[in-house]
file model-v7.cif (mmCIF, N, CA and C atoms)
data_target
#
loop_
_atom_site.label_atom_id
_atom_site.label_comp_id
_atom_site.auth_asym_id
_atom_site.auth_seq_id
_atom_site.Cartn_x
_atom_site.Cartn_y
_atom_site.Cartn_z
N MET A 1 -1.01 0.70 -10.12
CA MET A 1 -0.12 1.51 -9.29
C MET A 1 0.46 2.63 -10.15
N LYS A 2 0.52 3.80 -9.55
CA LYS A 2 1.01 4.99 -10.22
C LYS A 2 2.53 4.95 -10.46
N TYR A 3 3.24 4.12 -9.74
CA TYR A 3 4.71 4.11 -9.79
C TYR A 3 5.22 2.79 -10.39
N PRO A 4 5.01 2.56 -11.68
CA PRO A 4 5.41 1.28 -12.28
C PRO A 4 6.93 1.08 -12.32
N TRP A 5 7.68 2.13 -12.11
CA TRP A 5 9.14 2.10 -12.15
C TRP A 5 9.78 1.60 -10.86
N ILE A 6 8.99 1.43 -9.80
CA ILE A 6 9.57 1.24 -8.46
C ILE A 6 10.46 -0.01 -8.35
N ASP A 7 10.03 -1.14 -8.90
CA ASP A 7 10.82 -2.36 -8.79
C ASP A 7 12.17 -2.20 -9.48
N GLU A 8 12.17 -1.72 -10.70
CA GLU A 8 13.42 -1.52 -11.45
C GLU A 8 14.32 -0.51 -10.74
N TYR A 9 13.73 0.55 -10.24
CA TYR A 9 14.50 1.59 -9.54
C TYR A 9 15.19 1.02 -8.30
N LEU A 10 14.44 0.30 -7.48
CA LEU A 10 15.02 -0.23 -6.24
C LEU A 10 16.08 -1.29 -6.53
N LEU A 11 15.83 -2.13 -7.51
CA LEU A 11 16.80 -3.19 -7.82
C LEU A 11 18.06 -2.65 -8.51
N SER A 12 18.02 -1.40 -8.97
CA SER A 12 19.21 -0.80 -9.58
C SER A 12 20.21 -0.31 -8.53
N MET A 13 19.79 -0.25 -7.28
CA MET A 13 20.69 0.20 -6.21
C MET A 13 21.64 -0.95 -5.84
N PRO A 14 22.89 -0.62 -5.51
CA PRO A 14 23.88 -1.67 -5.20
C PRO A 14 23.42 -2.62 -4.09
N SER A 15 23.58 -3.91 -4.35
CA SER A 15 23.35 -4.99 -3.38
C SER A 15 21.91 -5.15 -2.91
N VAL A 16 20.95 -4.59 -3.63
CA VAL A 16 19.55 -4.73 -3.22
C VAL A 16 19.02 -6.08 -3.68
N THR A 17 18.31 -6.73 -2.77
CA THR A 17 17.62 -7.98 -3.08
C THR A 17 16.14 -7.78 -2.76
N LYS A 18 15.33 -8.64 -3.30
CA LYS A 18 13.90 -8.58 -2.97
C LYS A 18 13.39 -9.98 -2.72
N ASP A 19 12.35 -10.04 -1.91
CA ASP A 19 11.69 -11.31 -1.66
C ASP A 19 10.22 -11.03 -1.37
N LEU A 20 9.45 -12.09 -1.28
CA LEU A 20 8.04 -11.98 -0.92
C LEU A 20 7.88 -12.53 0.47
N GLN A 21 7.43 -11.71 1.39
CA GLN A 21 7.12 -12.16 2.75
C GLN A 21 5.66 -12.61 2.66
N SER A 22 5.46 -13.90 2.44
CA SER A 22 4.13 -14.41 2.09
C SER A 22 3.11 -14.27 3.21
N ASP A 23 3.53 -14.32 4.47
CA ASP A 23 2.57 -14.17 5.57
C ASP A 23 1.88 -12.81 5.54
N TRP A 24 2.62 -11.79 5.13
CA TRP A 24 2.07 -10.43 5.07
C TRP A 24 1.69 -10.02 3.65
N ASN A 25 2.15 -10.79 2.67
CA ASN A 25 1.99 -10.46 1.25
C ASN A 25 2.66 -9.13 0.92
N TRP A 26 3.90 -9.04 1.35
CA TRP A 26 4.73 -7.86 1.10
C TRP A 26 5.90 -8.25 0.20
N ILE A 27 6.19 -7.41 -0.79
CA ILE A 27 7.42 -7.53 -1.56
C ILE A 27 8.43 -6.65 -0.82
N ARG A 28 9.46 -7.28 -0.26
CA ARG A 28 10.43 -6.55 0.56
C ARG A 28 11.72 -6.32 -0.23
N TYR A 29 12.27 -5.13 -0.07
CA TYR A 29 13.54 -4.77 -0.67
C TYR A 29 14.54 -4.58 0.46
N LYS A 30 15.68 -5.26 0.32
CA LYS A 30 16.65 -5.30 1.41
C LYS A 30 18.05 -4.98 0.91
N ILE A 31 18.85 -4.51 1.84
CA ILE A 31 20.29 -4.39 1.63
C ILE A 31 20.95 -5.07 2.82
N GLY A 32 21.85 -5.98 2.55
CA GLY A 32 22.53 -6.71 3.61
C GLY A 32 21.58 -7.45 4.53
N GLY A 33 20.46 -7.88 3.99
CA GLY A 33 19.48 -8.62 4.77
C GLY A 33 18.53 -7.75 5.58
N LYS A 34 18.67 -6.44 5.51
CA LYS A 34 17.80 -5.53 6.26
C LYS A 34 16.86 -4.80 5.31
N MET A 35 15.59 -4.81 5.65
CA MET A 35 14.59 -4.17 4.80
C MET A 35 14.69 -2.65 4.86
N PHE A 36 14.59 -2.02 3.70
CA PHE A 36 14.52 -0.56 3.64
C PHE A 36 13.26 -0.08 2.92
N ALA A 37 12.58 -0.98 2.23
CA ALA A 37 11.34 -0.62 1.54
C ALA A 37 10.51 -1.89 1.32
N ALA A 38 9.21 -1.67 1.18
CA ALA A 38 8.31 -2.79 0.90
C ALA A 38 7.12 -2.28 0.11
N VAL A 39 6.63 -3.12 -0.78
CA VAL A 39 5.36 -2.87 -1.46
C VAL A 39 4.37 -3.85 -0.85
N CYS A 40 3.41 -3.30 -0.15
CA CYS A 40 2.40 -4.10 0.56
C CYS A 40 1.26 -4.39 -0.40
N LEU A 41 0.92 -5.67 -0.54
CA LEU A 41 -0.10 -6.09 -1.49
C LEU A 41 -1.38 -6.48 -0.76
N ASN A 42 -2.53 -6.23 -1.43
CA ASN A 42 -3.80 -6.65 -0.84
C ASN A 42 -4.10 -8.09 -1.23
N ASP A 43 -5.29 -8.57 -0.93
CA ASP A 43 -5.62 -9.97 -1.20
C ASP A 43 -5.78 -10.27 -2.69
N LYS A 44 -5.77 -9.23 -3.53
CA LYS A 44 -5.79 -9.41 -4.99
C LYS A 44 -4.40 -9.18 -5.59
N ASP A 45 -3.38 -9.12 -4.71
CA ASP A 45 -1.98 -8.87 -5.10
C ASP A 45 -1.78 -7.53 -5.77
N GLU A 46 -2.59 -6.55 -5.38
CA GLU A 46 -2.45 -5.18 -5.87
C GLU A 46 -1.80 -4.34 -4.77
N PRO A 47 -0.87 -3.45 -5.13
CA PRO A 47 -0.22 -2.62 -4.11
C PRO A 47 -1.22 -1.72 -3.40
N TYR A 48 -1.12 -1.66 -2.07
CA TYR A 48 -1.94 -0.71 -1.35
C TYR A 48 -1.09 0.23 -0.48
N TYR A 49 0.17 -0.08 -0.26
CA TYR A 49 1.10 0.85 0.38
C TYR A 49 2.51 0.56 -0.09
N ILE A 50 3.31 1.62 -0.14
CA ILE A 50 4.75 1.52 -0.31
C ILE A 50 5.33 2.01 1.01
N THR A 51 6.06 1.16 1.69
CA THR A 51 6.55 1.48 3.02
C THR A 51 8.06 1.65 2.98
N LEU A 52 8.56 2.68 3.66
CA LEU A 52 9.99 2.99 3.66
C LEU A 52 10.38 3.67 4.95
N LYS A 53 11.66 3.69 5.22
CA LYS A 53 12.20 4.23 6.47
C LYS A 53 12.77 5.63 6.23
N LEU A 54 12.49 6.54 7.17
CA LEU A 54 13.05 7.90 7.11
C LEU A 54 13.44 8.35 8.50
N GLU A 55 14.28 9.36 8.57
CA GLU A 55 14.55 10.00 9.85
C GLU A 55 13.21 10.50 10.39
N PRO A 56 12.96 10.37 11.69
CA PRO A 56 11.66 10.75 12.25
C PRO A 56 11.20 12.17 11.90
N SER A 57 12.08 13.15 11.99
CA SER A 57 11.67 14.53 11.71
C SER A 57 11.30 14.70 10.23
N GLU A 58 12.02 14.03 9.36
CA GLU A 58 11.71 14.12 7.93
C GLU A 58 10.36 13.46 7.63
N GLY A 59 10.14 12.28 8.20
CA GLY A 59 8.86 11.61 8.00
C GLY A 59 7.70 12.44 8.51
N ASN A 60 7.85 13.02 9.71
CA ASN A 60 6.79 13.87 10.25
C ASN A 60 6.50 15.05 9.34
N PHE A 61 7.55 15.69 8.85
CA PHE A 61 7.37 16.84 7.97
C PHE A 61 6.62 16.45 6.70
N LEU A 62 7.04 15.37 6.07
CA LEU A 62 6.40 14.95 4.82
C LEU A 62 4.94 14.55 5.03
N ARG A 63 4.63 13.97 6.17
CA ARG A 63 3.24 13.62 6.47
C ARG A 63 2.36 14.86 6.56
N THR A 64 2.93 15.97 7.02
CA THR A 64 2.14 17.21 7.10
C THR A 64 1.96 17.84 5.72
N GLN A 65 2.84 17.52 4.79
CA GLN A 65 2.80 18.12 3.46
C GLN A 65 1.97 17.33 2.46
N TYR A 66 1.87 16.02 2.65
CA TYR A 66 1.19 15.14 1.70
C TYR A 66 0.23 14.21 2.43
N PRO A 67 -1.05 14.31 2.16
CA PRO A 67 -2.01 13.41 2.82
C PRO A 67 -1.83 11.95 2.42
N ASP A 68 -1.10 11.68 1.34
CA ASP A 68 -0.88 10.31 0.89
C ASP A 68 0.37 9.68 1.51
N ILE A 69 1.02 10.38 2.44
CA ILE A 69 2.12 9.82 3.22
C ILE A 69 1.62 9.67 4.64
N LEU A 70 1.65 8.45 5.12
CA LEU A 70 1.07 8.09 6.42
C LEU A 70 2.10 7.42 7.30
N PRO A 71 1.83 7.33 8.61
CA PRO A 71 2.73 6.53 9.47
C PRO A 71 2.82 5.09 8.94
N GLY A 72 3.96 4.47 9.11
CA GLY A 72 4.22 3.15 8.56
C GLY A 72 3.16 2.11 8.89
N PHE A 73 2.65 1.47 7.86
CA PHE A 73 1.64 0.43 8.00
C PHE A 73 2.27 -0.80 8.63
N TYR A 74 1.77 -1.23 9.77
CA TYR A 74 2.30 -2.39 10.51
C TYR A 74 3.78 -2.25 10.87
N MET A 75 4.25 -1.03 10.99
CA MET A 75 5.66 -0.80 11.30
C MET A 75 5.77 0.21 12.43
N ASN A 76 6.98 0.42 12.94
CA ASN A 76 7.24 1.45 13.92
C ASN A 76 6.92 2.80 13.28
N LYS A 77 5.93 3.47 13.80
CA LYS A 77 5.41 4.68 13.17
C LYS A 77 6.31 5.90 13.36
N ILE A 78 7.35 5.76 14.15
CA ILE A 78 8.31 6.85 14.31
C ILE A 78 9.29 6.86 13.14
N HIS A 79 9.72 5.67 12.72
CA HIS A 79 10.76 5.57 11.69
C HIS A 79 10.23 5.19 10.30
N TRP A 80 9.07 4.58 10.24
CA TRP A 80 8.57 4.06 8.97
C TRP A 80 7.37 4.86 8.48
N ASN A 81 7.29 5.01 7.17
CA ASN A 81 6.23 5.77 6.53
C ASN A 81 5.66 4.95 5.38
N SER A 82 4.39 5.13 5.13
CA SER A 82 3.74 4.44 4.02
C SER A 82 3.16 5.46 3.05
N VAL A 83 3.31 5.17 1.77
CA VAL A 83 2.84 6.04 0.70
C VAL A 83 1.75 5.29 -0.06
N LYS A 84 0.64 5.97 -0.30
CA LYS A 84 -0.43 5.36 -1.09
C LYS A 84 0.04 5.24 -2.54
N PRO A 85 -0.04 4.05 -3.12
CA PRO A 85 0.52 3.83 -4.46
C PRO A 85 -0.25 4.51 -5.59
N ASP A 86 -1.43 5.01 -5.32
CA ASP A 86 -2.19 5.73 -6.35
C ASP A 86 -2.46 7.16 -5.91
N GLY A 87 -1.64 7.67 -4.99
CA GLY A 87 -1.84 9.00 -4.45
C GLY A 87 -1.15 10.08 -5.27
N GLU A 88 -0.93 11.20 -4.61
CA GLU A 88 -0.42 12.39 -5.28
C GLU A 88 1.02 12.74 -4.91
N VAL A 89 1.78 11.79 -4.41
CA VAL A 89 3.19 12.04 -4.11
C VAL A 89 3.95 12.03 -5.44
N PRO A 90 4.65 13.12 -5.76
CA PRO A 90 5.39 13.17 -7.02
C PRO A 90 6.44 12.07 -7.13
N ASP A 91 6.63 11.58 -8.35
CA ASP A 91 7.62 10.52 -8.59
C ASP A 91 8.99 10.89 -8.04
N GLU A 92 9.45 12.09 -8.30
CA GLU A 92 10.79 12.48 -7.87
C GLU A 92 10.90 12.50 -6.34
N LEU A 93 9.84 12.90 -5.66
CA LEU A 93 9.87 12.87 -4.20
C LEU A 93 9.92 11.43 -3.69
N LEU A 94 9.12 10.55 -4.27
CA LEU A 94 9.14 9.15 -3.84
C LEU A 94 10.51 8.53 -4.11
N LYS A 95 11.11 8.83 -5.25
CA LYS A 95 12.46 8.32 -5.53
C LYS A 95 13.45 8.82 -4.48
N ASP A 96 13.35 10.09 -4.12
CA ASP A 96 14.23 10.67 -3.11
C ASP A 96 14.01 9.98 -1.76
N MET A 97 12.77 9.75 -1.40
CA MET A 97 12.45 9.07 -0.13
C MET A 97 13.01 7.65 -0.12
N LEU A 98 12.87 6.93 -1.23
CA LEU A 98 13.39 5.57 -1.31
C LEU A 98 14.91 5.55 -1.22
N GLU A 99 15.56 6.52 -1.86
CA GLU A 99 17.01 6.60 -1.78
C GLU A 99 17.46 6.93 -0.36
N ARG A 100 16.74 7.82 0.30
CA ARG A 100 17.08 8.16 1.69
C ARG A 100 16.91 6.94 2.60
N SER A 101 15.86 6.17 2.36
CA SER A 101 15.64 4.96 3.15
C SER A 101 16.80 3.99 2.96
N TYR A 102 17.19 3.79 1.71
CA TYR A 102 18.32 2.92 1.39
C TYR A 102 19.58 3.38 2.13
N LYS A 103 19.88 4.67 2.06
CA LYS A 103 21.08 5.20 2.69
C LYS A 103 21.00 5.12 4.21
N LEU A 104 19.82 5.32 4.76
CA LEU A 104 19.64 5.23 6.20
C LEU A 104 19.93 3.82 6.71
N VAL A 105 19.39 2.83 6.03
CA VAL A 105 19.63 1.44 6.43
C VAL A 105 21.09 1.05 6.16
N LEU A 106 21.62 1.45 5.03
CA LEU A 106 23.04 1.19 4.73
C LEU A 106 23.94 1.79 5.81
N GLY A 107 23.60 2.98 6.28
CA GLY A 107 24.40 3.66 7.30
C GLY A 107 24.42 2.94 8.64
N GLY A 108 23.51 2.00 8.84
CA GLY A 108 23.48 1.22 10.08
C GLY A 108 24.52 0.11 10.12
N PHE A 109 25.15 -0.16 8.99
CA PHE A 109 26.20 -1.18 8.92
C PHE A 109 27.56 -0.56 9.23
N SER A 110 28.51 -1.39 9.59
CA SER A 110 29.88 -0.91 9.80
C SER A 110 30.41 -0.34 8.49
N LYS A 111 31.43 0.49 8.60
CA LYS A 111 32.03 1.08 7.38
C LYS A 111 32.54 -0.02 6.45
N LYS A 112 33.14 -1.04 7.03
CA LYS A 112 33.65 -2.15 6.23
C LYS A 112 32.51 -2.83 5.47
N LYS A 113 31.41 -3.11 6.16
CA LYS A 113 30.26 -3.76 5.52
C LYS A 113 29.64 -2.83 4.47
N GLN A 114 29.59 -1.53 4.74
CA GLN A 114 29.07 -0.58 3.75
C GLN A 114 29.89 -0.65 2.46
N ARG A 115 31.21 -0.64 2.59
CA ARG A 115 32.07 -0.71 1.40
C ARG A 115 31.83 -2.00 0.64
N GLU A 116 31.67 -3.09 1.38
CA GLU A 116 31.41 -4.39 0.75
C GLU A 116 30.07 -4.35 -0.01
N LEU A 117 29.05 -3.83 0.62
CA LEU A 117 27.72 -3.78 -0.02
C LEU A 117 27.70 -2.86 -1.23
N LEU A 118 28.49 -1.80 -1.18
CA LEU A 118 28.55 -0.86 -2.30
C LEU A 118 29.51 -1.32 -3.39
N GLY A 119 30.21 -2.43 -3.15
CA GLY A 119 31.13 -2.96 -4.15
C GLY A 119 32.41 -2.16 -4.27
N LEU A 120 32.78 -1.46 -3.20
CA LEU A 120 34.00 -0.67 -3.22
C LEU A 120 35.17 -1.52 -2.79
N THR A 121 36.30 -1.35 -3.47
CA THR A 121 37.51 -2.09 -3.09
C THR A 121 38.31 -1.25 -2.11
N GLN A 122 39.33 -1.82 -1.54
CA GLN A 122 40.19 -1.11 -0.58
C GLN A 122 40.90 0.07 -1.24
N LEU A 123 41.08 0.02 -2.55
CA LEU A 123 41.80 1.08 -3.25
C LEU A 123 40.91 2.27 -3.55
N GLN A 124 39.63 2.08 -3.50
CA GLN A 124 38.71 3.16 -3.80
C GLN A 124 38.38 3.94 -2.53
N ASN A 125 38.13 5.22 -2.69
CA ASN A 125 37.72 6.05 -1.57
C ASN A 125 36.22 5.94 -1.43
N PRO A 126 35.69 5.48 -0.26
CA PRO A 126 34.24 5.30 -0.11
C PRO A 126 33.46 6.60 -0.20
N ALA A 127 34.12 7.73 -0.11
CA ALA A 127 33.41 9.02 -0.23
C ALA A 127 33.07 9.32 -1.68
N ASN A 128 33.68 8.64 -2.61
CA ASN A 128 33.42 8.90 -4.05
C ASN A 128 32.21 8.18 -4.52
#

call {"tool": "encode", "arguments": {"input": "model-v7.cif", "output": "C-alpha cells"}}
result
Amino acid sequence: MKYPWIDEYLLSMPSVTKDLQSDWNWIRYKIGGKMFAAVCLNDKDEPYYITLKLEPSEGNFLRTQYPDILPGFYMNKIHWNSVKPDGEVPDELLKDMLERSYKLVLGGFSKKKQRELLGLTQLQNPAN
C-alpha cells in the first residue's frame, strides 16, 4: 500500500478506535462508535480500497479529478468514496479527505457528545 502512514494517522485523531469487521475483512476506524473510514482488505489481507465519507458535492468533484477516487465500495455511493491504495491520490489530499470524513461524522453528534469525544472540558471553548 502506498499510504503506510494511514493507521497511525487515523489513530492519532481524538477518540478514534479501530476494529476488524471480519465478515467483510475491513479494518474500520470509528469515532463514538460510528465509522468514518475503512481499509478494505482482499482475501490475502492486502488493502484494495480506503473508504471514507465526504459531502456529496465534494466527493463528486474529487471523483472527476482523480480516477483513483471512486464511489464508495459496498457503501452509499452518494456519501462514501473509495480510494485505490496504490493509486495516484497525493498523500496530503488523502489526509485532508480522511480529516474531513472524521469531522463530518463527528458533526453528526450532539455538541455535548462532540466535546466529550474531543476531550474538551466545560471550561474550554470548543471552538479552540

call {"tool": "residues_around", "arguments": {"input": "model-v7.cif", "residues": "stretch 91-101 of chain A", "least_positions_apart": "2", "cutoff": "8 Å", "atoms": "all atoms listed in the file", "output": "list in words"}}
result
Lys2, Tyr3, Leu10, Met35, Phe36, Ala37, Thr51, Leu52, Lys53, Leu54, Glu55, Glu88, Val89, Lys103, Leu104, Val105, Leu106 and Gly107 of chain A

call {"tool": "write_last_selection", "arguments": {"input": "model-v7.cif", "atoms": "N, CA and C atoms", "output": "short mmCIF file (atom, residue, chain, number, x, y, z; two decimals), keeping the file's coordinate frame"}}
result
data_model
loop_
_atom_site.label_atom_id
_atom_site.label_comp_id
_atom_site.auth_asym_id
_atom_site.auth_seq_id
_atom_site.Cartn_x
_atom_site.Cartn_y
_atom_site.Cartn_z
N LYS A 2 0.52 3.80 -9.55
CA LYS A 2 1.01 4.99 -10.22
C LYS A 2 2.53 4.95 -10.46
N TYR A 3 3.24 4.12 -9.74
CA TYR A 3 4.71 4.11 -9.79
C TYR A 3 5.22 2.79 -10.39
N LEU A 10 14.44 0.30 -7.48
CA LEU A 10 15.02 -0.23 -6.24
C LEU A 10 16.08 -1.29 -6.53
N MET A 35 15.59 -4.81 5.65
CA MET A 35 14.59 -4.17 4.80
C MET A 35 14.69 -2.65 4.86
N PHE A 36 14.59 -2.02 3.70
CA PHE A 36 14.52 -0.56 3.64
C PHE A 36 13.26 -0.08 2.92
N ALA A 37 12.58 -0.98 2.23
CA ALA A 37 11.34 -0.62 1.54
C ALA A 37 10.51 -1.89 1.32
N THR A 51 6.06 1.16 1.69
CA THR A 51 6.55 1.48 3.02
C THR A 51 8.06 1.65 2.98
N LEU A 52 8.56 2.68 3.66
CA LEU A 52 9.99 2.99 3.66
C LEU A 52 10.38 3.67 4.95
N LYS A 53 11.66 3.69 5.22
CA LYS A 53 12.20 4.23 6.47
C LYS A 53 12.77 5.63 6.23
N LEU A 54 12.49 6.54 7.17
CA LEU A 54 13.05 7.90 7.11
C LEU A 54 13.44 8.35 8.50
N GLU A 55 14.28 9.36 8.57
CA GLU A 55 14.55 10.00 9.85
C GLU A 55 13.21 10.50 10.39
N GLU A 88 -0.93 11.20 -4.61
CA GLU A 88 -0.42 12.39 -5.28
C GLU A 88 1.02 12.74 -4.91
N VAL A 89 1.78 11.79 -4.41
CA VAL A 89 3.19 12.04 -4.11
C VAL A 89 3.95 12.03 -5.44
N LYS A 103 19.88 4.67 2.06
CA LYS A 103 21.08 5.20 2.69
C LYS A 103 21.00 5.12 4.21
N LEU A 104 19.82 5.32 4.76
CA LEU A 104 19.64 5.23 6.20
C LEU A 104 19.93 3.82 6.71
N VAL A 105 19.39 2.83 6.03
CA VAL A 105 19.63 1.44 6.43
C VAL A 105 21.09 1.05 6.16
N LEU A 106 21.62 1.45 5.03
CA LEU A 106 23.04 1.19 4.73
C LEU A 106 23.94 1.79 5.81
N GLY A 107 23.60 2.98 6.28
CA GLY A 107 24.40 3.66 7.30
C GLY A 107 24.42 2.94 8.64
#

call {"tool": "residues_around", "arguments": {"input": "model-v7.cif", "residues": "stretch 116-119 of chain A", "least_positions_apart": "5", "cutoff": "7 Å", "atoms": "all atoms listed in the file", "output": "PyMOL selection string"}}
result
chain A and resi 14-15+32+111

call {"tool": "write_last_selection", "arguments": {"input": "model-v7.cif", "atoms": "N, CA and C atoms", "output": "compact mmCIF listing (two decimals), keeping the file's coordinate frame"}}
result
# COMPACT_ATOMS: atom_id res chain seq x y z
N PRO A 14 22.89 -0.62 -5.51
CA PRO A 14 23.88 -1.67 -5.20
C PRO A 14 23.42 -2.62 -4.09
N SER A 15 23.58 -3.91 -4.35
CA SER A 15 23.35 -4.99 -3.38
C SER A 15 21.91 -5.15 -2.91
N GLY A 32 21.85 -5.98 2.55
CA GLY A 32 22.53 -6.71 3.61
C GLY A 32 21.58 -7.45 4.53
N LYS A 111 31.43 0.49 8.60
CA LYS A 111 32.03 1.08 7.38
C LYS A 111 32.54 -0.02 6.45

call {"tool": "residues_around", "arguments": {"input": "model-v7.cif", "residues": "stretch 44-50 of chain A", "least_positions_apart": "4", "cutoff": "10 Å", "atoms": "only C-alpha atoms", "output": "ChimeraX atom specification"}}
result
/A:1-3,6,25-28,37-40,68-70,72-73,81-87,94,98

call {"tool": "write_last_selection", "arguments": {"input": "model-v7.cif", "atoms": "N, CA and C atoms", "output": "tab-separated table (two decimals), keeping the file's coordinate frame"}}
result
chain	number	residue	atom	x	y	z
A	1	MET	N	-1.01	0.70	-10.12
A	1	MET	CA	-0.12	1.51	-9.29
A	1	MET	C	0.46	2.63	-10.15
A	2	LYS	N	0.52	3.80	-9.55
A	2	LYS	CA	1.01	4.99	-10.22
A	2	LYS	C	2.53	4.95	-10.46
A	3	TYR	N	3.24	4.12	-9.74
A	3	TYR	CA	4.71	4.11	-9.79
A	3	TYR	C	5.22	2.79	-10.39
A	6	ILE	N	8.99	1.43	-9.80
A	6	ILE	CA	9.57	1.24	-8.46
A	6	ILE	C	10.46	-0.01	-8.35
A	25	ASN	N	2.15	-10.79	2.67
A	25	ASN	CA	1.99	-10.46	1.25
A	25	ASN	C	2.66	-9.13	0.92
A	26	TRP	N	3.90	-9.04	1.35
A	26	TRP	CA	4.73	-7.86	1.10
A	26	TRP	C	5.90	-8.25	0.20
A	27	ILE	N	6.19	-7.41	-0.79
A	27	ILE	CA	7.42	-7.53	-1.56
A	27	ILE	C	8.43	-6.65	-0.82
A	28	ARG	N	9.46	-7.28	-0.26
A	28	ARG	CA	10.43	-6.55	0.56
A	28	ARG	C	11.72	-6.32	-0.23
A	37	ALA	N	12.58	-0.98	2.23
A	37	ALA	CA	11.34	-0.62	1.54
A	37	ALA	C	10.51	-1.89	1.32
A	38	ALA	N	9.21	-1.67	1.18
A	38	ALA	CA	8.31	-2.79	0.90
A	38	ALA	C	7.12	-2.28	0.11
A	39	VAL	N	6.63	-3.12	-0.78
A	39	VAL	CA	5.36	-2.87	-1.46
A	39	VAL	C	4.37	-3.85	-0.85
A	40	CYS	N	3.41	-3.30	-0.15
A	40	CYS	CA	2.40	-4.10	0.56
A	40	CYS	C	1.26	-4.39	-0.40
A	68	ASP	N	-1.10	11.68	1.34
A	68	ASP	CA	-0.88	10.31	0.89
A	68	ASP	C	0.37	9.68	1.51
A	69	ILE	N	1.02	10.38	2.44
A	69	ILE	CA	2.12	9.82	3.22
A	69	ILE	C	1.62	9.67	4.64
A	70	LEU	N	1.65	8.45	5.12
A	70	LEU	CA	1.07	8.09	6.42
A	70	LEU	C	2.10	7.42	7.30
A	72	GLY	N	3.96	4.47	9.11
A	72	GLY	CA	4.22	3.15	8.56
A	72	GLY	C	3.16	2.11	8.89
A	73	PHE	N	2.65	1.47	7.86
A	73	PHE	CA	1.64	0.43	8.00
A	73	PHE	C	2.27	-0.80	8.63
A	81	ASN	N	7.29	5.01	7.17
A	81	ASN	CA	6.23	5.77	6.53
A	81	ASN	C	5.66	4.95	5.38
A	82	SER	N	4.39	5.13	5.13
A	82	SER	CA	3.74	4.44	4.02
A	82	SER	C	3.16	5.46	3.05
A	83	VAL	N	3.31	5.17	1.77
A	83	VAL	CA	2.84	6.04	0.70
A	83	VAL	C	1.75	5.29	-0.06
A	84	LYS	N	0.64	5.97	-0.30
A	84	LYS	CA	-0.43	5.36	-1.09
A	84	LYS	C	0.04	5.24	-2.54
A	85	PRO	N	-0.04	4.05	-3.12
A	85	PRO	CA	0.52	3.83	-4.46
A	85	PRO	C	-0.25	4.51	-5.59
A	86	ASP	N	-1.43	5.01	-5.32
A	86	ASP	CA	-2.19	5.73	-6.35
A	86	ASP	C	-2.46	7.16	-5.91
A	87	GLY	N	-1.64	7.67	-4.99
A	87	GLY	CA	-1.84	9.00	-4.45
A	87	GLY	C	-1.15	10.08	-5.27
A	94	LEU	N	9.12	10.55	-4.27
A	94	LEU	CA	9.14	9.15	-3.84
A	94	LEU	C	10.51	8.53	-4.11
A	98	LEU	N	12.87	6.93	-1.23
A	98	LEU	CA	13.39	5.57	-1.31
A	98	LEU	C	14.91	5.55	-1.22

call {"tool": "atom_distance", "arguments": {"input": "model-v7.cif", "atom1": "atom N of A:Asn42", "atom2": "atom N of A:Ser12"}}
result
22.4 Å

call {"tool": "atom_distance", "arguments": {"input": "model-v7.cif", "atom1": "atom CA of A:Tyr29", "atom2": "atom CA of A:Gly108"}}
result
15.8 Å

call {"tool": "build_atoms", "arguments": {"input": "model-v7.cif", "residues": "stretch 76-85 of chain A", "atoms": "N, CA, C and O atoms", "output": "compact mmCIF listing (two decimals), in the coordinates of the input"}}
result
# COMPACT_ATOMS: atom_id res chain seq x y z
N ASN A 76 6.98 0.42 12.94
CA ASN A 76 7.24 1.45 13.92
C ASN A 76 6.92 2.80 13.28
O ASN A 76 7.55 3.20 12.32
N LYS A 77 5.93 3.47 13.80
CA LYS A 77 5.41 4.68 13.17
C LYS A 77 6.31 5.90 13.36
O LYS A 77 6.07 6.94 12.78
N ILE A 78 7.35 5.76 14.15
CA ILE A 78 8.31 6.85 14.31
C ILE A 78 9.29 6.86 13.14
O ILE A 78 9.61 7.90 12.59
N HIS A 79 9.72 5.67 12.72
CA HIS A 79 10.76 5.57 11.69
C HIS A 79 10.23 5.19 10.30
O HIS A 79 10.91 5.44 9.30
N TRP A 80 9.07 4.58 10.24
CA TRP A 80 8.57 4.06 8.97
C TRP A 80 7.37 4.86 8.48
O TRP A 80 6.56 5.33 9.28
N ASN A 81 7.29 5.01 7.17
CA ASN A 81 6.23 5.77 6.53
C ASN A 81 5.66 4.95 5.38
O ASN A 81 6.39 4.19 4.73
N SER A 82 4.39 5.13 5.13
CA SER A 82 3.74 4.44 4.02
C SER A 82 3.16 5.46 3.05
O SER A 82 2.60 6.48 3.46
N VAL A 83 3.31 5.17 1.77
CA VAL A 83 2.84 6.04 0.70
C VAL A 83 1.75 5.29 -0.06
O VAL A 83 1.93 4.12 -0.41
N LYS A 84 0.64 5.97 -0.30
CA LYS A 84 -0.43 5.36 -1.09
C LYS A 84 0.04 5.24 -2.54
O LYS A 84 0.48 6.22 -3.13
N PRO A 85 -0.04 4.05 -3.12
CA PRO A 85 0.52 3.83 -4.46
C PRO A 85 -0.25 4.51 -5.59
O PRO A 85 0.25 4.60 -6.70
